[in-house]
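Below is the file coords.cif, which contains mmCIF, C-alpha atoms.
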data_final
loop_
_atom_site.label_atom_id
_atom_site.label_comp_id
_atom_site.auth_asym_id
_atom_site.auth_seq_id
_atom_site.Cartn_x
_atom_site.Cartn_y
_atom_site.Cartn_z
CA MET A 19 33.42 -15.31 16.86
CA TYR A 20 31.06 -18.28 16.64
CA SER A 21 29.53 -19.39 13.34
CA ILE A 22 26.02 -18.40 14.46
CA GLU A 23 27.23 -14.86 15.20
CA ARG A 24 28.87 -14.56 11.78
CA LYS A 25 25.71 -15.81 10.10
CA SER A 26 23.65 -13.28 12.04
CA GLU A 27 25.86 -10.49 10.72
CA ILE A 28 25.81 -11.91 7.17
CA ILE A 29 22.00 -11.89 7.22
CA ARG A 30 22.08 -8.29 8.46
CA PHE A 31 24.33 -7.30 5.54
CA LEU A 32 22.00 -9.10 3.13
CA GLU A 33 19.02 -7.24 4.55
CA GLN A 34 20.82 -3.93 4.06
CA ASP A 35 22.50 -4.39 0.68
CA GLY A 36 20.90 -7.44 -0.93
CA LYS A 37 24.29 -9.05 -1.54
CA VAL A 38 27.64 -9.88 0.09
CA GLU A 39 31.17 -10.60 -1.09
CA VAL A 40 33.37 -13.38 0.29
CA GLY A 41 36.54 -11.30 0.38
CA ILE A 42 34.94 -8.38 2.21
CA LEU A 43 33.30 -10.71 4.75
CA ALA A 44 36.56 -12.58 5.39
CA GLU A 45 38.31 -9.28 6.09
CA TYR A 46 35.46 -8.00 8.26
CA PHE A 47 35.35 -11.16 10.41
CA HIS A 48 39.14 -11.67 10.39
CA THR A 49 38.72 -15.22 9.14
CA SER A 50 39.47 -17.25 6.02
CA LYS A 51 37.54 -17.14 2.78
CA GLU A 52 36.90 -20.88 3.12
CA THR A 53 35.16 -20.30 6.46
CA ILE A 54 32.94 -17.65 4.86
CA ARG A 55 32.14 -19.97 1.94
CA ARG A 56 31.00 -22.63 4.43
CA ASP A 57 28.75 -20.10 6.18
CA LEU A 58 27.26 -19.03 2.84
CA LYS A 59 26.72 -22.65 1.84
CA ASP A 60 24.83 -23.32 5.08
CA LEU A 61 22.67 -20.23 4.60
CA GLU A 62 21.95 -21.22 1.01
CA HIS A 63 20.68 -24.62 2.17
CA GLN A 64 18.40 -22.79 4.61
CA GLY A 65 16.92 -20.65 1.85
CA VAL A 66 18.43 -17.30 2.84
CA LEU A 67 20.67 -16.62 -0.15
CA THR A 68 21.91 -17.79 -3.51
CA ARG A 69 25.65 -18.14 -3.88
CA THR A 70 27.34 -16.41 -6.78
CA HIS A 71 30.92 -16.19 -8.00
CA GLY A 72 32.75 -14.45 -5.19
CA GLY A 73 29.73 -13.88 -2.98
CA ALA A 74 25.98 -14.31 -2.60
CA VAL A 75 22.68 -12.49 -3.16
CA SER A 76 19.66 -12.34 -0.89
CA VAL A 77 16.69 -14.53 -1.78
CA LYS A 78 14.42 -11.78 -0.44
CA ALA A 79 16.03 -9.26 -2.79
CA GLN A 80 15.60 -11.66 -5.71
CA ASN A 81 11.93 -12.11 -4.86
CA LEU A 82 11.37 -8.35 -4.82
CA GLN A 83 13.14 -7.91 -8.15
CA ASN A 84 10.89 -10.58 -9.65
CA GLY A 85 7.78 -8.86 -8.32
CA ASN A 86 7.15 -11.47 -5.64
CA ALA A 87 6.32 -10.70 -2.03
CA SER A 88 9.21 -11.01 0.37
CA LEU A 89 8.66 -14.18 2.37
CA GLU A 90 9.32 -14.55 6.09
CA TYR A 91 12.37 -16.61 6.98
CA PRO A 92 11.87 -19.98 8.70
CA LEU A 93 12.09 -19.94 12.51
CA ASP A 94 15.66 -21.24 12.63
CA ILE A 95 16.85 -18.37 10.45
CA ARG A 96 14.88 -15.76 12.38
CA GLY A 97 16.58 -17.13 15.49
CA ILE A 98 19.95 -16.30 13.94
CA GLN A 99 18.92 -12.74 13.07
CA ASN A 100 20.05 -10.30 15.77
CA PHE A 101 21.29 -13.31 17.73
CA ASN A 102 23.29 -11.46 20.39
CA GLU A 103 20.46 -8.99 21.00
CA LYS A 104 17.91 -11.77 21.47
CA GLN A 105 20.21 -13.60 23.86
CA ALA A 106 20.63 -10.44 25.96
CA ILE A 107 16.88 -9.80 26.01
CA CYS A 108 16.14 -13.34 27.22
CA LYS A 109 18.82 -13.11 29.89
CA LYS A 110 17.10 -9.99 31.22
CA ALA A 111 13.60 -11.46 30.85
CA VAL A 112 14.23 -14.49 33.09
CA THR A 113 14.89 -12.14 36.02
CA PHE A 114 11.12 -11.54 36.06
CA ILE A 115 10.33 -15.27 36.49
CA ASN A 116 9.82 -16.37 40.08
CA ASP A 117 9.91 -19.76 41.76
CA GLY A 118 6.57 -21.52 41.29
CA ASP A 119 5.45 -19.45 38.29
CA THR A 120 3.42 -20.86 35.42
CA VAL A 121 4.64 -19.21 32.24
CA PHE A 122 3.37 -19.22 28.66
CA VAL A 123 6.08 -18.90 25.99
CA ASP A 124 5.00 -18.24 22.42
CA ASN A 125 6.59 -19.60 19.27
CA SER A 126 8.92 -16.78 18.33
CA SER A 127 12.56 -16.51 17.41
CA THR A 128 13.25 -14.41 20.51
CA THR A 129 11.51 -16.32 23.29
CA MET A 130 12.98 -19.69 22.29
CA TYR A 131 16.22 -18.73 24.10
CA LEU A 132 14.56 -18.10 27.48
CA VAL A 133 15.07 -21.49 29.07
CA GLN A 134 18.87 -21.54 28.76
CA PHE A 135 19.19 -18.54 31.11
CA LEU A 136 16.74 -19.71 33.76
CA PRO A 137 18.42 -20.77 37.05
CA PRO A 138 18.13 -24.56 37.31
CA GLN A 139 16.92 -24.46 40.93
CA LEU A 140 13.72 -22.54 40.05
CA GLN A 141 10.56 -24.61 39.83
CA VAL A 142 8.62 -23.35 36.82
CA THR A 143 5.80 -24.73 34.68
CA PHE A 144 6.01 -23.75 31.01
CA ILE A 145 3.07 -23.78 28.60
CA THR A 146 3.96 -23.43 24.94
CA ASN A 147 2.98 -24.15 21.37
CA SER A 148 6.64 -24.00 20.33
CA ILE A 149 8.35 -27.26 19.42
CA LYS A 150 11.59 -25.30 19.04
CA PHE A 151 11.35 -24.05 22.63
CA LEU A 152 10.93 -27.62 23.85
CA ALA A 153 13.91 -28.75 21.80
CA GLU A 154 16.04 -25.95 23.26
CA ALA A 155 14.94 -26.95 26.77
CA SER A 156 16.10 -30.53 26.20
CA GLN A 157 19.70 -29.31 26.07
CA PHE A 158 19.68 -28.02 29.65
CA ASP A 159 19.09 -29.28 33.18
CA CYS A 160 15.32 -28.95 33.54
CA THR A 161 14.80 -31.22 36.53
CA ASN A 162 12.66 -28.61 38.28
CA LYS A 163 10.70 -27.64 35.19
CA VAL A 164 7.38 -28.90 33.85
CA PHE A 165 6.63 -28.46 30.14
CA ILE A 166 3.10 -28.50 28.71
CA CYS A 167 2.83 -28.57 24.93
CA LEU A 168 -0.42 -27.30 23.45
CA GLY A 169 -1.99 -29.62 20.91
CA GLY A 170 -3.11 -28.82 17.39
CA MET A 171 -1.92 -28.93 13.81
CA TYR A 172 1.85 -29.06 13.31
CA ASN A 173 3.52 -26.27 11.34
CA PRO A 174 6.89 -27.65 10.13
CA LYS A 175 8.14 -24.27 8.94
CA ASN A 176 7.63 -22.54 12.28
CA LEU A 177 8.02 -25.68 14.42
CA SER A 178 4.78 -24.96 16.25
CA THR A 179 1.25 -26.16 16.91
CA TYR A 180 -1.85 -24.17 16.01
CA ASP A 181 -5.55 -24.35 15.02
CA ASN A 182 -8.70 -25.13 17.02
CA ALA A 183 -7.19 -27.97 19.06
CA SER A 184 -4.47 -25.65 20.33
CA VAL A 185 -6.96 -22.96 21.33
CA LEU A 186 -9.25 -25.48 23.03
CA SER A 187 -6.41 -26.86 25.14
CA GLU A 188 -5.50 -23.31 26.18
CA ASN A 189 -8.85 -22.96 27.97
CA GLU A 190 -7.44 -25.08 30.80
CA TYR A 191 -4.57 -22.73 31.65
CA TYR A 192 -4.27 -19.31 33.27
CA PRO A 193 -0.53 -18.56 33.46
CA ASP A 194 1.06 -16.11 35.86
CA LYS A 195 3.13 -14.64 33.05
CA CYS A 196 3.04 -14.60 29.28
CA PHE A 197 6.21 -14.03 27.23
CA ILE A 198 5.65 -13.16 23.59
CA SER A 199 7.30 -11.41 20.68
CA CYS A 200 5.85 -9.94 17.49
CA ALA A 201 6.78 -8.73 14.02
CA GLY A 202 6.21 -5.03 14.57
CA ILE A 203 5.47 -2.35 17.18
CA SER A 204 4.03 0.98 16.10
CA PRO A 205 2.09 3.72 17.93
CA ASP A 206 -0.63 3.80 15.28
CA ARG A 207 -1.11 0.10 14.51
CA MET A 208 -0.03 -1.26 17.87
CA LEU A 209 1.33 -4.85 17.88
CA THR A 210 1.26 -6.86 14.67
CA ASP A 211 2.51 -10.25 13.56
CA THR A 212 3.11 -12.26 10.38
CA SER A 213 1.68 -15.73 11.12
CA ILE A 214 -2.11 -15.86 11.00
CA TYR A 215 -2.00 -19.48 12.17
CA GLU A 216 -0.74 -18.64 15.66
CA ILE A 217 -2.52 -15.34 16.27
CA ASN A 218 -5.40 -16.91 18.20
CA THR A 219 -3.05 -18.84 20.47
CA LYS A 220 -1.18 -15.67 21.40
CA LYS A 221 -4.36 -13.64 21.86
CA TYR A 222 -5.90 -16.15 24.25
CA MET A 223 -2.80 -16.37 26.42
CA ILE A 224 -2.42 -12.58 26.46
CA ASP A 225 -5.99 -12.33 27.78
CA SER A 226 -5.52 -15.17 30.30
CA ALA A 227 -2.18 -14.24 31.88
CA ARG A 228 -1.78 -11.99 34.91
CA GLU A 229 1.25 -10.24 33.38
CA VAL A 230 2.25 -9.94 29.73
CA PHE A 231 5.86 -9.41 28.68
CA LEU A 232 6.76 -8.37 25.14
CA LEU A 233 10.32 -9.29 24.15
CA ALA A 234 11.45 -7.25 21.15
CA ASP A 235 14.78 -6.09 19.78
CA ARG A 236 15.18 -2.58 18.38
CA THR A 237 14.41 -3.66 14.79
CA LYS A 238 10.76 -4.32 15.74
CA PHE A 239 9.96 -0.69 16.63
CA GLY A 240 8.31 1.25 13.84
CA LYS A 241 7.52 -1.88 11.83
CA ASN A 242 4.17 -3.39 10.88
CA GLY A 243 3.24 -7.00 10.29
CA GLN A 244 0.29 -8.16 8.24
CA PHE A 245 -2.01 -9.14 11.12
CA PHE A 246 -3.21 -7.32 14.22
CA LEU A 247 -2.15 -9.05 17.44
CA THR A 248 -3.17 -6.78 20.31
CA ASN A 249 -3.13 -3.19 21.49
CA PHE A 250 -0.80 -1.71 24.05
CA ASP A 251 -3.40 -1.90 26.82
CA SER A 252 -2.75 -5.66 27.01
CA ILE A 253 1.00 -5.29 27.57
CA ASP A 254 2.55 -4.80 31.02
CA HIS A 255 6.25 -4.95 30.17
CA ILE A 256 8.46 -4.46 27.13
CA ILE A 257 11.99 -5.86 27.33
CA THR A 258 14.30 -4.66 24.59
CA ASN A 259 17.97 -4.17 23.83
CA SER A 260 17.50 -0.49 23.03
CA LYS A 261 14.74 1.87 24.08
CA PRO A 262 12.80 3.44 21.19
CA GLU A 263 13.07 7.08 20.20
CA SER A 264 11.86 9.59 22.78
CA ASN A 265 8.44 10.27 21.20
CA PHE A 266 7.84 6.53 20.87
CA PHE A 267 8.96 5.97 24.45
CA GLU A 268 6.63 8.67 25.77
CA SER A 269 3.63 7.17 23.98
CA LEU A 270 4.33 3.79 25.58
CA SER A 271 5.02 5.24 29.02
CA ASN A 272 1.66 7.01 28.92
CA LYS A 273 0.06 3.58 28.63
CA ASN A 274 1.67 2.47 31.93
CA ILE A 275 3.97 -0.02 30.21
CA GLN A 276 7.23 -0.75 32.01
CA ILE A 277 10.05 -0.61 29.45
CA THR A 278 13.24 -2.43 30.42
CA SER A 279 16.45 -2.19 28.41
CA VAL A 280 19.10 -4.90 28.72
CA ASP A 281 21.49 -2.17 29.83
CA ASP A 282 19.29 -1.08 32.75
#
In structure tokens, write the structure found in this file.
Amino acid sequence: MYSIERKSEIIRFLEQDGKVEVGILAEYFHTSKETIRRDLKDLEHQGVLTRTHGGAVSVKAQNLQNGNASLEYPLDIRGIQNFNEKQAICKKAVTFINDGDTVFVDNSSTTMYLVQFLPPQLQVTFITNSIKFLAEASQFDCTNKVFICLGGMYNPKNLSTYDNASVLSENEYYPDKCFISCAGISPDRMLTDTSIYEINTKKYMIDSAREVFLLADRTKFGKNGQFFLTNFDSIDHIITNSKPESNFFESLSNKNIQITSVDD
């Protein structure tokens, strides 16, 4: 198992229990305690946990105990969460991209993996406000790809651009497809997100694109973020690793949304 996969599981355990123990993790992953200590040290530097004697505690759990709001993880950490699921979703999503398409990709921890699965021979123009997506693209053969980065203010935590300059530059583009993710999907509150800075960028591209694809792992269903993003009428496709419960699925199907599971 790769380090990033172990860290993804460690974060999942922290989300569930608020703490982890080195010995239990070493046994679970069939690896040495020293390897686990290195993983915990890395995650501590990234602000996920605080190491303790024999283990670690979640920073989110500590914040809640102290009466503070639980803060969203930085983009790099959110990219580690549910890593294998996000990889599988992106691998499925690129099958909807055709040669010659112009595609908007938002700044989310799911969509940043799209480019690594795209066949190198396809000619595609990408529009994005995600610096992380551009950095990921630089690691692959993108000879046939064009990348357009929207201008604006730079958000170092989310590695993105936003604000009026970003929205103004969007007015020049009408992509064939729009690939986005969000913080939560619920029948009553629709699609919500956590970053108010990038809401306008997503909304404009959702309205401008011919087809809108929502990429969301199973943990997003039934959750709510702080800010309204859009309603289901704006979404054409949902690509997920696991279809929601039957009543949830029926409510989405009634809105003529095509739901694709990675297992389909």
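Atom pair atom CA of A:Gly72 / atom CA of A:Glu27 has a distance of 17.8 Å (rounded to one decimal).
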Can you translate the PyMOL selection byres ((chain A and resi 217-225) around 9) into the concrete residues it hits in this file, as a JSON list (two decimals) with C-alpha atoms, in the coordinates of the input?
[["chain", "number", "residue", "atom", "x", "y", "z"],
["A", 122, "PHE", "CA", 3.37, -19.22, 28.66],
["A", 124, "ASP", "CA", 5.00, -18.24, 22.42],
["A", 125, "ASN", "CA", 6.59, -19.60, 19.27],
["A", 147, "ASN", "CA", 2.98, -24.15, 21.37],
["A", 180, "TYR", "CA", -1.85, -24.17, 16.01],
["A", 181, "ASP", "CA", -5.55, -24.35, 15.02],
["A", 182, "ASN", "CA", -8.70, -25.13, 17.02],
["A", 184, "SER", "CA", -4.47, -25.65, 20.33],
["A", 185, "VAL", "CA", -6.96, -22.96, 21.33],
["A", 188, "GLU", "CA", -5.50, -23.31, 26.18],
["A", 189, "ASN", "CA", -8.85, -22.96, 27.97],
["A", 191, "TYR", "CA", -4.57, -22.73, 31.65],
["A", 192, "TYR", "CA", -4.27, -19.31, 33.27],
["A", 193, "PRO", "CA", -0.53, -18.56, 33.46],
["A", 195, "LYS", "CA", 3.13, -14.64, 33.05],
["A", 196, "CYS", "CA", 3.04, -14.60, 29.28],
["A", 197, "PHE", "CA", 6.21, -14.03, 27.23],
["A", 198, "ILE", "CA", 5.65, -13.16, 23.59],
["A", 211, "ASP", "CA", 2.51, -10.25, 13.56],
["A", 212, "THR", "CA", 3.11, -12.26, 10.38],
["A", 213, "SER", "CA", 1.68, -15.73, 11.12],
["A", 214, "ILE", "CA", -2.11, -15.86, 11.00],
["A", 215, "TYR", "CA", -2.00, -19.48, 12.17],
["A", 216, "GLU", "CA", -0.74, -18.64, 15.66],
["A", 226, "SER", "CA", -5.52, -15.17, 30.30],
["A", 227, "ALA", "CA", -2.18, -14.24, 31.88],
["A", 228, "ARG", "CA", -1.78, -11.99, 34.91],
["A", 229, "GLU", "CA", 1.25, -10.24, 33.38],
["A", 230, "VAL", "CA", 2.25, -9.94, 29.73],
["A", 245, "PHE", "CA", -2.01, -9.14, 11.12],
["A", 246, "PHE", "CA", -3.21, -7.32, 14.22],
["A", 247, "LEU", "CA", -2.15, -9.05, 17.44],
["A", 248, "THR", "CA", -3.17, -6.78, 20.31],
["A", 252, "SER", "CA", -2.75, -5.66, 27.01],
["A", 253, "ILE", "CA", 1.00, -5.29, 27.57]]
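The residue that comes closest to A:Ile28, out of A:Asp57, A:Asp159, A:Glu52, A:Glu45 and on the basis of all atoms listed in the file, is A:Asp57.
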Exercise. So how many Å separate atom CA of A:Phe231 and atom CA of A:Phe165, to one decimal?
Worked result: 19.1 Å
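Using all atoms listed in the file, the nearest neighbour of A:Thr68 within the list A:Leu32, A:Ile203, A:Ile275, A:Leu132 is A:Leu32.
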Exercise. What does the distance from atom CA of A:Ile95 to atom CA of A:Thr128 come to in Å, to one decimal?
Worked result: 11.4 Å
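Restricting the calculation to all atoms listed in the file, the smallest distance between A:Met171 and any of A:Asn100, A:Ser127, A:Ser148, A:Asn274 is found for A:Ser148.
If you count only C-alpha atoms and ignore residues fewer than 6 places along the chain from stretch 135-140 of chain A, what sits within 7 Å of it is Lys109, Val112, Asp117, Asp159, Cys160 and Asn162 of chain A.
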Problem set entry | Expected residue set, 6 Å radius at (5.9, -3.0, 28.1), only C-alpha atoms, as a PyMOL selection string | chain A and resi 253-256+275-277
